[in-house]
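Student: There's a structure below that I have some questions on.
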Amino acid sequence: MSKMTIREIAAMAGVSAMTVSNVIRGRKDRVSEKTRKRILDLIKEYDYVLNQNAANLKSTTSSLIGVLLYNKRQFLDFTDPFVSSILTGVSNRIKEQGYFLMIDIVKSSADIQILQRKWKFSGFVIIGVEAHDFLEIDASIDVPATYVDTYYGEMVNPVSKLRSFIYTDEEEISRGAATYLSQRGHQKVLCYSFDFDESETSVMSKRVQYFQQYFKGEVLLKTSSSSDYQEILESVEEYLTFQPFTAIYATADILAVKLNQIFKDISLLGVDNAPFSEFMSPKLTTMAIDQVEKGEVALDCLIQMIKERKSKNAFLPSRLIIRDSVKKL
């Protein structure tokens with residue numbers, strides 16, 4: 001049996017297609033209760049589902065929000081607490097705002113252009129765009145957009161479009177980590193990060209550079225392109241038999257949990273306060289960021305741009321959570 005159309009439902013109910021649309025969208029003030037019940041009974045009987053994209057494409061407005069995860073690698077790990085927490089925050093807000101959500105991984109501006117040809121979006125939340133790709137990516141976007149953890153130099157809003165930027169205070173994070181490790185008596189620390197380009201401004205480059213600035217002792221540096229255990233193990237191979245450091249500052253908890261498996265007797269301080277951090281052994285001391293709140297704020301700023309045509313940026317704070325993983329020397 002072919003799917004029912006909105007016009008067929010309307011014909012059986014003896015009303016217009018617009019009236020059926022009003023019922024589906026919950027606009028009770030425009031339809032009598034008797035008519036509303038008749039339409040809903042037909043919708044249930046014939047298992048009718050609104051083709052939201054077709055409705056969006058025909059309309060001058062849209063109720064679809066896209067969350068774009070910018071990632072040039074072959075795969076994206078959705079178990080990464082940063083990714084899952086941001087998505088949770090966006091999801092927490094989107095239904096109450098009356099919008100629908102589409103999540104996609106994009107590697108280029110061409111990917112975004114294809115999406116916009118196939119779907120009509122009201123706006124985008126975009127996560128993780130690298131600085132050197134920002135202008136090309138942004139030029140491909142036709143609607144309001146909120147960027148999460150994207151730095152374009154030191155400019156607050158480098159484009160004259162409806163754009164919001166959501167950041168965490170990376171200086172506060174690394175200063176807090178450096179100060180606490182010094183207070184605990186550590187003078188040699190391995191700073192471990194995801195790969196970054198030192199010539200560009202990014203979350204990881206800021207965390208590493210601020211730690212190097214504020215930590216008064218010696219800082220060694222190692223990086224990895226992913227949180228894969230084997231890759232991390234190979235990157236620290238020279239330190240497996242002897243560690244010229246007494247603590248590790250991991251710029252993300254997902255790295256810290258892997259390093260904890262490699263260096264059992266080394267103090268460890270992470271960033272994020274991921275859900276698993278308090279279940280590690282020892283429990284992880286970490287600079288906590290509310291990534292769920294970051295997702296909520298990102299969506300709120302986007303909705304404000306859509307409705308009020310005003311841009312708004314936001315900086316989220318961090319705080320030190322002291323557990324058991326940093327020894328006092």
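Following the order of the structure tokens, first chain is A, next is B, and so on, with residues numbered from 1 inside each chain and ligands from 1 in the order they appear.
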Quick one: everything within 8 Å of region 229-242 of chain A, counting only C-alpha atoms, minus sequence neighbours fewer than 6 positions away in the same chain. Send it as a PyMOL selection string.
Tutor: chain A and resi 222-223+258-259+262-263
Student: Considering only C-alpha atoms, can you say which of A:Lys294, A:Lys161, A:Arg7, A:Lys120 comes closest to Ser62 (chain A)?
Tutor: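 Checking each of A:Lys294, A:Lys161, A:Arg7, A:Lys120 against Ser62 (chain A), counting only C-alpha atoms, the winner is A:Lys120.
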Student: Which residue is closest to Val326 (chain A)? Choose from A:Ile65, A:Met280, A:Ala11, A:Leu268 and count only C-alpha atoms.
Tutor: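 Looking at the shortest contact to Val326 (chain A), the residue is A:Leu268.
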Student: Of the residues A:Met12, A:Phe276, A:Gly295, A:Leu329, which is the one nearest to Ser84 (chain A), using only C-alpha atoms?
Tutor: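 With only C-alpha atoms as the atom set, the closest residue is A:Gly295.
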Student: Please list as a short mmCIF file (atom, residue, chain, number, x, y, z; two decimals) with C-alpha atoms, in the first residue's frame every residue within 12 Å of region 29-41 of chain A, counting only C-alpha atoms and excluding residues in the same chain fewer than 6 positions away.
Tutor:
data_model
loop_
_atom_site.label_atom_id
_atom_site.label_comp_id
_atom_site.auth_asym_id
_atom_site.auth_seq_id
_atom_site.Cartn_x
_atom_site.Cartn_y
_atom_site.Cartn_z
CA ILE A 6 -1.58 15.11 3.36
CA ARG A 7 -4.06 15.96 0.59
CA GLU A 8 -5.67 12.52 0.84
CA ILE A 9 -6.02 12.84 4.62
CA ALA A 10 -7.56 16.29 4.10
CA ALA A 11 -10.04 14.97 1.51
CA MET A 12 -11.22 12.17 3.81
CA ALA A 13 -11.62 14.62 6.70
CA GLY A 14 -13.43 17.15 4.51
CA VAL A 15 -10.95 19.92 5.27
CA SER A 16 -8.07 21.68 3.56
CA ALA A 17 -4.48 20.42 3.54
CA MET A 18 -3.58 23.55 5.56
CA THR A 19 -6.00 22.48 8.31
CA VAL A 20 -4.37 19.04 8.48
CA SER A 21 -0.95 20.74 8.64
CA ASN A 22 -2.14 22.93 11.52
CA VAL A 23 -3.29 19.86 13.46
CA ASP A 47 -0.31 5.63 9.95
CA TYR A 48 0.37 8.95 8.24
CA VAL A 49 3.78 10.58 8.85
#
Student: Tell me which protein, DNA and RNA residues are within 9 Å of Ile126 (chain A), counting only C-alpha atoms, leaving out same-chain ones fewer than 6 positions away, and put them as a list in words.
Tutor: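 With the cut-off at 9 Å, the set is Gly66, Val67, Leu68, Leu69, Tyr70, Ala145, Thr146, Tyr147, Val148, Asp149 and Thr150 of chain A.
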Student: What is the CA of Arg175 (chain A)-CA of Tyr210 (chain A) distance in Å, reported with one decimal?
Tutor: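 Computed distance, CA of Arg175 (chain A) to CA of Tyr210 (chain A), equals 6.7 Å.
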Student: Would you mind telling me which residue in A:Ala139, A:Ala250, A:Leu284, A:Val219 lies nearest to Ser108 (chain A) when using only C-alpha atoms?
Tutor: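 Counting only C-alpha atoms, the residue closest to Ser108 (chain A) is A:Ala139.
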Student: Give me the residues near Thr88 (chain A) as a list in words, where near means some atom within 12 Å (using only C-alpha atoms) and where sequence neighbours in that chain fewer than 3 positions away do not count.
Tutor: Val67, Phe78, Pro81, Phe82, Val83, Ser84, Ser85, Ser91, Asn92, Arg93, Ile94, Lys95, Leu101, Ile103, Asp290, Gln291, Val292, Glu293, Lys294, Gly295, Glu296, Val297, Ala298 and Leu299 of chain A
Student: Could you save those same residues with N, CA and C atoms as a PDB file, in the first residue's frame?
Tutor:
ATOM      1  N   VAL A  67      23.520  19.568  12.892  1.00  0.00           N
ATOM      2  CA  VAL A  67      24.744  19.553  13.692  1.00  0.00           C
ATOM      3  C   VAL A  67      25.821  18.906  12.835  1.00  0.00           C
ATOM      4  N   PHE A  78      32.056   8.359  18.177  1.00  0.00           N
ATOM      5  CA  PHE A  78      30.933   8.960  18.878  1.00  0.00           C
ATOM      6  C   PHE A  78      30.941   8.618  20.371  1.00  0.00           C
ATOM      7  N   PRO A  81      33.718  11.387  24.819  1.00  0.00           N
ATOM      8  CA  PRO A  81      32.788  12.130  25.690  1.00  0.00           C
ATOM      9  C   PRO A  81      32.553  13.561  25.240  1.00  0.00           C
ATOM     10  N   PHE A  82      33.513  14.184  24.574  1.00  0.00           N
ATOM     11  CA  PHE A  82      33.299  15.533  24.064  1.00  0.00           C
ATOM     12  C   PHE A  82      32.170  15.541  23.043  1.00  0.00           C
ATOM     13  N   VAL A  83      32.240  14.632  22.073  1.00  0.00           N
ATOM     14  CA  VAL A  83      31.227  14.570  21.021  1.00  0.00           C
ATOM     15  C   VAL A  83      29.865  14.211  21.596  1.00  0.00           C
ATOM     16  N   SER A  84      29.817  13.143  22.390  1.00  0.00           N
ATOM     17  CA  SER A  84      28.521  12.683  22.908  1.00  0.00           C
ATOM     18  C   SER A  84      27.892  13.705  23.844  1.00  0.00           C
ATOM     19  N   SER A  85      28.703  14.420  24.611  1.00  0.00           N
ATOM     20  CA  SER A  85      28.159  15.412  25.544  1.00  0.00           C
ATOM     21  C   SER A  85      27.606  16.633  24.813  1.00  0.00           C
ATOM     22  N   SER A  91      20.560  18.156  21.925  1.00  0.00           N
ATOM     23  CA  SER A  91      19.311  17.385  21.938  1.00  0.00           C
ATOM     24  C   SER A  91      18.396  17.807  23.082  1.00  0.00           C
ATOM     25  N   ASN A  92      18.994  18.158  24.234  1.00  0.00           N
ATOM     26  CA  ASN A  92      18.199  18.598  25.379  1.00  0.00           C
ATOM     27  C   ASN A  92      17.342  19.808  25.049  1.00  0.00           C
ATOM     28  N   ARG A  93      17.854  20.663  24.185  1.00  0.00           N
ATOM     29  CA  ARG A  93      17.188  21.932  23.896  1.00  0.00           C
ATOM     30  C   ARG A  93      16.279  21.901  22.662  1.00  0.00           C
ATOM     31  N   ILE A  94      16.600  21.050  21.718  1.00  0.00           N
ATOM     32  CA  ILE A  94      16.020  21.235  20.387  1.00  0.00           C
ATOM     33  C   ILE A  94      14.518  20.963  20.329  1.00  0.00           C
ATOM     34  N   LYS A  95      14.038  19.937  21.026  1.00  0.00           N
ATOM     35  CA  LYS A  95      12.622  19.608  20.960  1.00  0.00           C
ATOM     36  C   LYS A  95      11.776  20.696  21.612  1.00  0.00           C
ATOM     37  N   LEU A 101      16.276  17.641  14.383  1.00  0.00           N
ATOM     38  CA  LEU A 101      17.739  17.573  14.396  1.00  0.00           C
ATOM     39  C   LEU A 101      18.264  16.604  13.360  1.00  0.00           C
ATOM     40  N   ILE A 103      22.172  15.112  12.243  1.00  0.00           N
ATOM     41  CA  ILE A 103      23.593  15.057  12.577  1.00  0.00           C
ATOM     42  C   ILE A 103      24.344  14.465  11.396  1.00  0.00           C
ATOM     43  N   ASP A 290      31.714  21.650  31.471  1.00  0.00           N
ATOM     44  CA  ASP A 290      30.367  21.123  31.266  1.00  0.00           C
ATOM     45  C   ASP A 290      30.071  21.141  29.759  1.00  0.00           C
ATOM     46  N   GLN A 291      30.437  20.045  29.092  1.00  0.00           N
ATOM     47  CA  GLN A 291      30.260  19.985  27.643  1.00  0.00           C
ATOM     48  C   GLN A 291      28.780  19.870  27.256  1.00  0.00           C
ATOM     49  N   VAL A 292      27.969  19.297  28.138  1.00  0.00           N
ATOM     50  CA  VAL A 292      26.529  19.256  27.873  1.00  0.00           C
ATOM     51  C   VAL A 292      25.978  20.680  27.855  1.00  0.00           C
ATOM     52  N   GLU A 293      26.402  21.482  28.818  1.00  0.00           N
ATOM     53  CA  GLU A 293      25.976  22.885  28.833  1.00  0.00           C
ATOM     54  C   GLU A 293      26.469  23.609  27.582  1.00  0.00           C
ATOM     55  N   LYS A 294      27.665  23.273  27.115  1.00  0.00           N
ATOM     56  CA  LYS A 294      28.189  23.907  25.904  1.00  0.00           C
ATOM     57  C   LYS A 294      27.265  23.633  24.720  1.00  0.00           C
ATOM     58  N   GLY A 295      26.787  22.397  24.619  1.00  0.00           N
ATOM     59  CA  GLY A 295      25.837  22.066  23.558  1.00  0.00           C
ATOM     60  C   GLY A 295      24.532  22.830  23.703  1.00  0.00           C
ATOM     61  N   GLU A 296      24.058  22.970  24.933  1.00  0.00           N
ATOM     62  CA  GLU A 296      22.819  23.719  25.181  1.00  0.00           C
ATOM     63  C   GLU A 296      22.983  25.189  24.821  1.00  0.00           C
ATOM     64  N   VAL A 297      24.099  25.775  25.228  1.00  0.00           N
ATOM     65  CA  VAL A 297      24.360  27.185  24.929  1.00  0.00           C
ATOM     66  C   VAL A 297      24.494  27.396  23.423  1.00  0.00           C
ATOM     67  N   ALA A 298      25.163  26.459  22.757  1.00  0.00           N
ATOM     68  CA  ALA A 298      25.325  26.563  21.300  1.00  0.00           C
ATOM     69  C   ALA A 298      23.966  26.599  20.605  1.00  0.00           C
ATOM     70  N   LEU A 299      23.061  25.737  21.033  1.00  0.00           N
ATOM     71  CA  LEU A 299      21.733  25.695  20.408  1.00  0.00           C
ATOM     72  C   LEU A 299      20.933  26.948  20.755  1.00  0.00           C
TER      73      LEU A 299
END
Student: Which residue is closest to His186 (chain A)? Choose from A:Ile266, A:Ala256, A:Ala247, A:Leu221 and count only C-alpha atoms.
Tutor: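 Smallest separation from His186 (chain A) among the options: A:Ala247.
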Student: Counting only C-alpha atoms, figure out which residue out of A:Phe194, A:Tyr46, A:Phe165, A:Tyr214 gets nearest to Asp253 (chain A).
Tutor: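 Result for the nearest residue to Asp253 (chain A): A:Phe194.
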Student: Could you tell me how far CA of Gly270 (chain A) sits from CA of Ile173 (chain A), in Å to one decimal place?
Tutor: 10.0 Å
Student: Using only C-alpha atoms, which residues sit within 7 Å of Ile248 (chain A) once same-chain residues fewer than 5 positions away are excluded, as number ranges by chain?
Tutor: A: 189-192, 267-269
Student: Per DSSP on the backbone, what are the strand (DSSP E) residues of region 14-148 of chain A, as JSON, numbers by chain?
Tutor: {"A": [64, 65, 66, 67, 68, 69, 70, 100, 101, 102, 103, 104, 105, 106, 123, 124, 125, 126, 127, 145, 146, 147, 148]}
Student: Write out as a CSV table (one decimal) with all heavy atoms, in the first residue's frame which residues come within 10 Å of Phe121 (chain A) when counting only C-alpha atoms, dropping same-chain ones fewer than 3 positions away.
Tutor:
chain,number,residue,atom,x,y,z
A,53,ASN,N,11.0,17.0,5.3
A,53,ASN,CA,11.9,17.6,4.4
A,53,ASN,C,11.1,18.2,3.2
A,53,ASN,O,11.4,19.3,2.7
A,53,ASN,CB,12.9,16.7,3.8
A,53,ASN,CG,13.9,17.4,3.0
A,53,ASN,OD1,14.5,18.4,3.4
A,53,ASN,ND2,14.2,16.8,1.8
A,56,ASN,N,9.6,21.3,4.4
A,56,ASN,CA,10.6,22.4,4.5
A,56,ASN,C,11.0,23.0,3.2
A,56,ASN,O,11.1,24.2,3.0
A,56,ASN,CB,11.9,21.8,5.2
A,56,ASN,CG,11.7,21.6,6.7
A,56,ASN,OD1,10.8,22.2,7.3
A,56,ASN,ND2,12.6,20.8,7.2
A,57,LEU,N,11.1,22.1,2.2
A,57,LEU,CA,11.6,22.6,0.9
A,57,LEU,C,10.5,23.5,0.2
A,57,LEU,O,10.8,24.4,-0.5
A,57,LEU,CB,11.9,21.4,-0.1
A,57,LEU,CG,13.2,20.7,0.3
A,57,LEU,CD1,13.4,19.4,-0.5
A,57,LEU,CD2,14.4,21.6,0.2
A,61,THR,N,10.4,28.9,5.3
A,61,THR,CA,11.0,28.6,6.6
A,61,THR,C,11.3,27.2,6.8
A,61,THR,O,10.8,26.3,6.0
A,61,THR,CB,10.2,29.1,7.8
A,61,THR,OG1,8.9,28.4,7.8
A,61,THR,CG2,9.9,30.6,7.6
A,62,SER,N,12.1,26.8,7.8
A,62,SER,CA,12.4,25.4,8.1
A,62,SER,C,12.5,25.2,9.6
A,62,SER,O,12.8,26.1,10.3
A,62,SER,CB,13.8,25.1,7.4
A,62,SER,OG,14.2,23.8,7.9
A,63,SER,N,12.2,24.0,10.0
A,63,SER,CA,12.3,23.6,11.4
A,63,SER,C,13.4,22.6,11.6
A,63,SER,O,13.4,21.9,12.6
A,63,SER,CB,11.0,23.0,11.9
A,63,SER,OG,10.5,21.9,11.1
A,64,LEU,N,14.4,22.5,10.6
A,64,LEU,CA,15.5,21.6,10.7
A,64,LEU,C,16.8,22.3,11.1
A,64,LEU,O,17.2,23.2,10.5
A,64,LEU,CB,15.6,20.9,9.3
A,64,LEU,CG,16.7,19.8,9.2
A,64,LEU,CD1,16.4,18.6,10.2
A,64,LEU,CD2,16.8,19.3,7.8
A,65,ILE,N,17.4,21.7,12.1
A,65,ILE,CA,18.7,22.2,12.6
A,65,ILE,C,19.7,21.1,12.2
A,65,ILE,O,19.5,20.0,12.5
A,65,ILE,CB,18.7,22.5,14.1
A,65,ILE,CG1,17.8,23.6,14.5
A,65,ILE,CG2,20.2,22.8,14.5
A,65,ILE,CD1,18.1,25.0,14.0
A,66,GLY,N,20.8,21.5,11.6
A,66,GLY,CA,21.9,20.6,11.4
A,66,GLY,C,23.1,20.7,12.3
A,66,GLY,O,23.5,21.8,12.6
A,100,PHE,N,13.7,20.1,14.6
A,100,PHE,CA,14.1,18.8,14.4
A,100,PHE,C,15.6,18.8,14.2
A,100,PHE,O,16.2,19.8,13.8
A,100,PHE,CB,13.5,18.2,13.1
A,100,PHE,CG,12.0,18.0,13.3
A,100,PHE,CD1,11.1,19.0,12.9
A,100,PHE,CD2,11.4,16.9,13.8
A,100,PHE,CE1,9.7,18.9,13.0
A,100,PHE,CE2,10.0,16.8,14.0
A,100,PHE,CZ,9.2,17.8,13.6
A,101,LEU,N,16.3,17.6,14.4
A,101,LEU,CA,17.7,17.6,14.4
A,101,LEU,C,18.3,16.6,13.4
A,101,LEU,O,17.8,15.5,13.2
A,101,LEU,CB,18.2,17.1,15.8
A,101,LEU,CG,19.7,17.0,16.0
A,101,LEU,CD1,20.4,18.3,15.9
A,101,LEU,CD2,20.0,16.4,17.4
A,102,MET,N,19.3,17.0,12.6
A,102,MET,CA,20.0,16.2,11.7
A,102,MET,C,21.5,16.3,12.1
A,102,MET,O,22.1,17.4,12.2
A,102,MET,CB,19.8,16.5,10.3
A,102,MET,CG,20.7,15.7,9.3
A,102,MET,SD,20.7,16.2,7.6
A,102,MET,CE,19.0,15.7,7.1
A,115,LEU,N,24.5,18.9,1.3
A,115,LEU,CA,23.5,18.9,2.3
A,115,LEU,C,22.4,20.0,2.1
A,115,LEU,O,21.2,19.7,2.2
A,115,LEU,CB,24.1,19.0,3.7
A,115,LEU,CG,24.6,17.8,4.4
A,115,LEU,CD1,25.3,18.2,5.7
A,115,LEU,CD2,23.6,16.8,4.6
A,116,GLN,N,22.9,21.2,1.8
A,116,GLN,CA,22.0,22.3,1.7
A,116,GLN,C,21.1,22.2,0.4
A,116,GLN,O,20.0,22.8,0.3
A,116,GLN,CB,22.7,23.6,1.7
A,116,GLN,CG,23.3,23.9,3.1
A,116,GLN,CD,24.1,25.2,3.1
A,116,GLN,OE1,23.8,26.1,3.9
A,116,GLN,NE2,25.1,25.4,2.3
A,117,ARG,N,21.6,21.5,-0.6
A,117,ARG,CA,20.8,21.3,-1.8
A,117,ARG,C,19.7,20.2,-1.6
A,117,ARG,O,18.6,20.3,-2.2
A,117,ARG,CB,21.7,20.8,-3.0
A,117,ARG,CG,22.6,21.9,-3.6
A,117,ARG,CD,23.1,21.5,-5.0
A,117,ARG,NE,24.0,20.3,-4.9
A,117,ARG,CZ,25.3,20.5,-4.8
A,117,ARG,NH1,25.9,21.7,-4.7
A,117,ARG,NH2,26.1,19.4,-4.8
A,118,LYS,N,20.0,19.3,-0.7
A,118,LYS,CA,19.0,18.2,-0.4
A,118,LYS,C,18.0,18.6,0.6
A,118,LYS,O,16.9,18.0,0.6
A,118,LYS,CB,19.8,16.9,-0.1
A,118,LYS,CG,20.6,16.3,-1.2
A,118,LYS,CD,21.2,15.0,-0.8
A,118,LYS,CE,21.9,14.3,-1.9
A,118,LYS,NZ,22.5,13.0,-1.5
A,124,PHE,N,22.8,25.9,11.6
A,124,PHE,CA,23.7,24.9,11.9
A,124,PHE,C,24.5,25.1,13.2
A,124,PHE,O,24.8,26.2,13.5
A,124,PHE,CB,24.8,24.8,10.8
A,124,PHE,CG,24.4,24.2,9.5
A,124,PHE,CD1,24.3,25.1,8.3
A,124,PHE,CD2,24.0,22.9,9.3
A,124,PHE,CE1,23.9,24.6,7.1
A,124,PHE,CE2,23.6,22.4,8.1
A,124,PHE,CZ,23.5,23.3,7.0
A,142,ASP,N,24.7,29.0,4.1
A,142,ASP,CA,23.8,30.1,3.7
A,142,ASP,C,22.9,30.6,4.9
A,142,ASP,O,22.1,31.5,4.7
A,142,ASP,CB,22.9,29.6,2.6
A,142,ASP,CG,23.7,29.1,1.4
A,142,ASP,OD1,24.7,29.7,1.1
A,142,ASP,OD2,23.3,28.1,0.7
A,143,VAL,N,23.0,29.9,6.0
A,143,VAL,CA,22.0,30.2,7.1
A,143,VAL,C,22.8,30.5,8.4
A,143,VAL,O,24.0,30.4,8.5
A,143,VAL,CB,21.1,29.0,7.4
A,143,VAL,CG1,20.2,28.7,6.2
A,143,VAL,CG2,22.0,27.7,7.7
A,144,PRO,N,22.1,31.0,9.5
A,144,PRO,CA,22.8,31.2,10.7
A,144,PRO,C,23.6,30.0,11.2
A,144,PRO,O,23.1,28.9,11.0
A,144,PRO,CB,21.7,31.6,11.7
A,144,PRO,CG,20.6,32.2,10.8
A,144,PRO,CD,20.7,31.4,9.5
Student: When DSSP is applied to the backbone of this structure, which of region 26-210 of chain A are assigned helix (DSSP H, G or I)? Write them out as a VMD selection string.
Tutor: chain A and resid 28 to 30 33 to 45 52 to 58 81 to 94 109 to 118 131 to 139 170 to 183 203 to 210
